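Trainee: This is final.tsv (TSV, C-alpha atoms).
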chain	number	residue	atom	x	y	z
A	1	MET	CA	95.67	93.85	118.86
A	2	HIS	CA	92.68	92.61	116.84
A	3	HIS	CA	92.82	95.60	114.50
A	4	THR	CA	96.59	95.28	114.08
A	5	VAL	CA	96.43	91.58	113.22
A	6	TRP	CA	93.58	92.18	110.78
A	7	ARG	CA	95.66	94.80	108.99
A	8	ALA	CA	98.58	92.37	108.77
A	9	THR	CA	96.44	89.42	107.66
A	10	TYR	CA	93.96	91.03	105.27
A	11	ALA	CA	95.78	94.08	103.85
A	12	ASP	CA	96.12	92.46	100.41
A	13	LEU	CA	92.79	90.59	100.50
A	14	VAL	CA	90.22	93.36	101.00
A	15	PRO	CA	89.57	96.57	99.09
A	16	ASP	CA	90.96	99.80	100.52
A	17	SER	CA	87.39	100.95	101.16
A	18	PHE	CA	87.03	98.21	103.80
A	19	TRP	CA	89.43	100.05	106.13
A	20	GLN	CA	87.21	103.15	106.13
A	21	THR	CA	84.75	101.32	108.41
A	22	ALA	CA	87.04	98.63	109.86
A	23	THR	CA	88.73	101.11	112.14
A	24	LEU	CA	90.42	100.72	115.51
A	25	GLU	CA	87.45	102.51	117.07
A	26	GLU	CA	84.99	100.06	115.48
A	27	ARG	CA	87.01	97.05	116.73
A	28	THR	CA	87.21	98.56	120.23
A	29	SER	CA	83.46	99.13	120.27
A	30	SER	CA	82.84	95.57	119.07
A	31	TRP	CA	84.98	94.11	121.87
A	32	LYS	CA	83.24	96.28	124.47
A	33	ARG	CA	79.88	94.88	123.30
A	34	ARG	CA	81.22	91.32	123.24
A	35	LEU	CA	82.69	91.53	126.74
A	36	GLY	CA	80.27	94.01	128.34
A	37	PRO	CA	77.24	93.42	130.54
A	38	GLU	CA	74.87	93.12	127.53
A	39	ALA	CA	76.90	90.31	125.95
A	40	PRO	CA	74.99	87.06	125.43
A	41	PRO	CA	75.99	84.65	128.20
A	42	GLY	CA	77.93	81.47	127.57
A	43	ARG	CA	77.62	81.00	123.80
A	44	SER	CA	81.26	81.41	122.88
A	45	ARG	CA	84.60	80.83	124.53
A	46	ILE	CA	87.25	83.55	124.25
A	47	ILE	CA	90.88	82.78	125.09
A	48	VAL	CA	93.79	85.23	124.90
A	49	ALA	CA	97.54	84.72	124.73
A	50	GLU	CA	99.83	87.19	126.46
A	51	VAL	CA	103.54	87.90	126.37
A	52	ASP	CA	104.94	90.35	128.92
A	53	ASP	CA	101.39	91.42	129.92
A	54	ALA	CA	100.45	92.29	126.32
A	55	VAL	CA	97.82	90.39	124.34
A	56	VAL	CA	99.47	88.80	121.30
A	57	GLY	CA	96.64	86.54	120.14
A	58	PHE	CA	93.14	85.29	120.75
A	59	GLY	CA	90.82	82.47	119.82
A	60	ILE	CA	87.04	82.28	119.88
A	61	GLY	CA	84.96	79.14	119.49
A	62	GLY	CA	81.50	77.87	120.23
A	63	PRO	CA	78.45	76.19	118.75
A	64	SER	CA	78.46	76.04	114.95
A	65	ARG	CA	76.28	78.48	113.07
A	66	GLU	CA	74.86	78.94	109.61
A	67	VAL	CA	77.31	80.91	107.46
A	68	GLY	CA	76.53	82.26	104.01
A	69	GLY	CA	73.38	80.15	103.79
A	70	HIS	CA	75.31	76.96	104.58
A	71	ALA	CA	73.96	74.92	107.50
A	72	PRO	CA	76.63	73.72	109.94
A	73	VAL	CA	77.90	70.16	109.57
A	74	ARG	CA	79.69	69.97	112.93
A	75	ASP	CA	78.53	70.96	116.41
A	76	VAL	CA	81.71	72.94	117.24
A	77	GLU	CA	83.10	75.88	115.29
A	78	LEU	CA	86.26	77.93	115.59
A	79	TYR	CA	85.03	81.48	114.96
A	80	ALA	CA	88.37	83.26	115.06
A	81	LEU	CA	92.05	82.58	115.71
A	82	TYR	CA	94.49	85.47	115.35
A	83	VAL	CA	98.09	85.90	116.46
A	84	LEU	CA	100.24	88.97	115.84
A	85	PRO	CA	103.03	88.39	113.30
A	86	GLU	CA	105.88	88.62	115.85
A	87	PRO	CA	105.04	85.36	117.69
A	88	HIS	CA	104.27	83.38	114.49
A	89	GLY	CA	106.04	80.04	114.65
A	90	THR	CA	106.33	80.01	118.46
A	91	GLY	CA	103.36	77.70	119.10
A	92	THR	CA	101.11	80.50	120.33
A	93	GLY	CA	98.44	79.83	117.68
A	94	GLN	CA	98.53	76.10	118.37
A	95	ALA	CA	98.20	76.64	122.11
A	96	LEU	CA	95.17	78.90	121.58
A	97	PHE	CA	93.65	76.43	119.15
A	98	ASP	CA	94.12	73.50	121.55
A	99	VAL	CA	92.22	75.34	124.29
A	100	VAL	CA	89.41	76.72	122.13
A	101	VAL	CA	88.70	73.68	119.92
A	102	PRO	CA	88.13	70.37	121.70
A	103	PRO	CA	89.44	67.20	120.06
A	104	GLY	CA	87.05	65.67	117.54
A	105	PRO	CA	84.75	66.97	114.83
A	106	ALA	CA	84.76	70.73	114.27
A	107	GLN	CA	84.51	73.30	111.50
A	108	VAL	CA	86.11	76.64	110.65
A	109	TRP	CA	85.65	79.18	107.86
A	110	VAL	CA	88.94	80.48	106.43
A	111	ALA	CA	89.86	83.00	103.74
A	112	GLU	CA	90.52	81.10	100.54
A	113	GLU	CA	93.54	83.32	99.85
A	114	ASN	CA	95.16	82.81	103.28
A	115	PRO	CA	97.62	79.96	102.68
A	116	ARG	CA	99.28	80.26	106.09
A	117	ALA	CA	95.97	79.72	107.90
A	118	ARG	CA	94.97	76.90	105.55
A	119	ARG	CA	98.26	75.08	106.23
A	120	PHE	CA	97.75	75.54	109.98
A	121	TYR	CA	94.27	74.04	109.84
A	122	ALA	CA	95.45	71.20	107.57
A	123	ARG	CA	98.08	70.30	110.19
A	124	ASN	CA	95.20	70.10	112.67
A	125	GLY	CA	93.23	67.66	110.51
A	126	PHE	CA	90.91	70.09	108.68
A	127	GLU	CA	90.11	69.88	104.99
A	128	PRO	CA	87.67	71.69	102.69
A	129	ASP	CA	84.27	70.05	102.36
A	130	GLY	CA	82.99	72.20	99.48
A	131	PRO	CA	80.98	75.24	100.67
A	132	ARG	CA	82.36	78.70	100.03
A	133	HIS	CA	80.92	82.17	100.35
A	134	ALA	CA	81.88	85.80	99.89
A	135	ASP	CA	81.77	87.50	103.27
A	136	THR	CA	80.41	90.96	102.57
A	137	ARG	CA	81.15	92.06	106.16
A	138	PHE	CA	84.85	91.74	105.37
A	139	GLY	CA	85.08	93.30	101.93
A	140	GLY	CA	83.85	90.25	100.04
A	141	ILE	CA	86.65	87.89	101.08
A	142	VAL	CA	85.86	84.40	99.77
A	143	GLU	CA	85.86	81.88	102.61
A	144	LEU	CA	85.98	78.10	102.51
A	145	ARG	CA	84.53	75.82	105.14
A	146	LEU	CA	87.06	73.35	106.53
A	147	VAL	CA	86.01	70.35	108.62
A	148	ARG	CA	87.53	67.51	110.54
Render the structure in this file as structure tokens.

Mentor:
Amino acid sequence: MHHTVWRATYADLVPDSFWQTATLEERTSSWKRRLGPEAPPGRSRIIVAEVDDAVVGFGIGGPSREVGGHAPVRDVELYALYVLPEPHGTGTGQALFDVVVPPGPAQVWVAEENPRARRFYARNGFEPDGPRHADTRFGGIVELRLVR
């Protein structure tokens, strides 16, 4: 699911060369590390959304971290929120968000060229506070920090 939603979300934002290493096998291996016995305990919270016993979305949040040389300005950060295209508009993303991000101050990094995500976060009270960086792990996508 993670690989599928990445392909749908970032297909036009990253160079074709990105997909040579961002494979289904790499994503599967990453999730096995994240959920396996060697995973660091208790730092992040992972929530999944299911429809008919199939995962259709997930959210991950936790303590804020330094990103791109920018120190955090909030204690809580949303690390990831992804929903497959089919359930877009059904409230699945909002339900995940509401569980992962507690009310109050928080931050999230979002692709500058992802207007759908930026509108979603704006509806949830987030706005850019200035910092941006090119995330080399994801093909150089420029991200903006949003805060509330």

Trainee: Give as a PyMOL selection string every residue, naming chains and numbers as the document does, that has an atom within 9 Å of (86.4, 65.7, 110.8), counting only C-alpha atoms.

Mentor: chain A and resi 74+104-107+125-127+146-148

Trainee: Give me the residues within 10 Å of region 51-61 of chain A as a ChimeraX atom specification, counting all atoms listed in the file and dropping any in the same chain fewer than 5 places off.

Mentor: /A:1-2,5,43-46,76-88,92-93,95-102,106-108

Trainee: Please produce an output containing C-alpha atoms for each residue in the selection, written as an mmCIF file, keeping the file's coordinate frame.

Mentor:
data_model
loop_
_atom_site.group_PDB
_atom_site.id
_atom_site.type_symbol
_atom_site.label_atom_id
_atom_site.label_comp_id
_atom_site.auth_asym_id
_atom_site.auth_seq_id
_atom_site.Cartn_x
_atom_site.Cartn_y
_atom_site.Cartn_z
ATOM 1 C CA MET A 1 95.670 93.850 118.860
ATOM 2 C CA HIS A 2 92.680 92.610 116.840
ATOM 3 C CA VAL A 5 96.430 91.580 113.220
ATOM 4 C CA ARG A 43 77.620 81.000 123.800
ATOM 5 C CA SER A 44 81.260 81.410 122.880
ATOM 6 C CA ARG A 45 84.600 80.830 124.530
ATOM 7 C CA ILE A 46 87.250 83.550 124.250
ATOM 8 C CA VAL A 76 81.710 72.940 117.240
ATOM 9 C CA GLU A 77 83.100 75.880 115.290
ATOM 10 C CA LEU A 78 86.260 77.930 115.590
ATOM 11 C CA TYR A 79 85.030 81.480 114.960
ATOM 12 C CA ALA A 80 88.370 83.260 115.060
ATOM 13 C CA LEU A 81 92.050 82.580 115.710
ATOM 14 C CA TYR A 82 94.490 85.470 115.350
ATOM 15 C CA VAL A 83 98.090 85.900 116.460
ATOM 16 C CA LEU A 84 100.240 88.970 115.840
ATOM 17 C CA PRO A 85 103.030 88.390 113.300
ATOM 18 C CA GLU A 86 105.880 88.620 115.850
ATOM 19 C CA PRO A 87 105.040 85.360 117.690
ATOM 20 C CA HIS A 88 104.270 83.380 114.490
ATOM 21 C CA THR A 92 101.110 80.500 120.330
ATOM 22 C CA GLY A 93 98.440 79.830 117.680
ATOM 23 C CA ALA A 95 98.200 76.640 122.110
ATOM 24 C CA LEU A 96 95.170 78.900 121.580
ATOM 25 C CA PHE A 97 93.650 76.430 119.150
ATOM 26 C CA ASP A 98 94.120 73.500 121.550
ATOM 27 C CA VAL A 99 92.220 75.340 124.290
ATOM 28 C CA VAL A 100 89.410 76.720 122.130
ATOM 29 C CA VAL A 101 88.700 73.680 119.920
ATOM 30 C CA PRO A 102 88.130 70.370 121.700
ATOM 31 C CA ALA A 106 84.760 70.730 114.270
ATOM 32 C CA GLN A 107 84.510 73.300 111.500
ATOM 33 C CA VAL A 108 86.110 76.640 110.650
#

Trainee: For each of A:Arg118, A:His3, A:Arg33, A:Arg123, take the minimum atom-to-atom distance to Thr21 (chain A), counting all atoms listed in the file, then give the residue where this is smallest.

Mentor: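 Among the listed residues, the smallest separation from Thr21 (chain A) belongs to A:His3.
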
Trainee: Need to verify the contact set: Ala111 (chain A), 12 Å, all atoms listed in the file, exclusion of same-chain residues closer than 5 positions in sequence. Can you return it as an MDAnalysis selection string?

Mentor: chainID A and resid 9:10 12:14 80 116:119 121 128 132:135 138:146

Trainee: For a test of reading the model, state the distance in Å between CA of Pro115 (chain A) and CA of Leu24 (chain A), rounded to one decimal.

Mentor: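 That distance, rounded to one decimal, is 25.4 Å.
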
Trainee: Calculate how many Å separate CA of Leu35 (chain A) from CA of Val48 (chain A), rounding to one decimal.

Mentor: 12.9 Å

Trainee: I'd like the interatomic distance between CA of Asp129 (chain A) and CA of Pro103 (chain A), to a tenth of an Å.

Mentor: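 So the two atoms, CA of Asp129 (chain A) and CA of Pro103 (chain A), lie 18.7 Å apart.
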
Trainee: Counting only C-alpha atoms, which residue out of A:His70, A:Ile47, A:Gly89, A:Thr4 sits closest to Thr23 (chain A)?

Mentor: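 Of the candidates, the smallest distance to Thr23 (chain A) is held by A:Thr4.
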
Trainee: With distances taken over all atoms listed in the file, which of A:Ser17, A:Trp109, A:Thr28, A:Ala22 is nearest to Glu66 (chain A)?

Mentor: A:Trp109

Trainee: Between A:Arg27, A:Phe120, A:Asn114, A:Val67, which is the closest to Gly91 (chain A) once you count only C-alpha atoms?

Mentor: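 Once distances to Gly91 (chain A) are computed over only C-alpha atoms, the minimum belongs to A:Phe120.
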
Trainee: Under the rule that only C-alpha atoms are counted, which of A:Glu113, A:Glu26, A:Gly62, A:Gln94 is the nearest residue to Ala11 (chain A)?

Mentor: A:Glu113
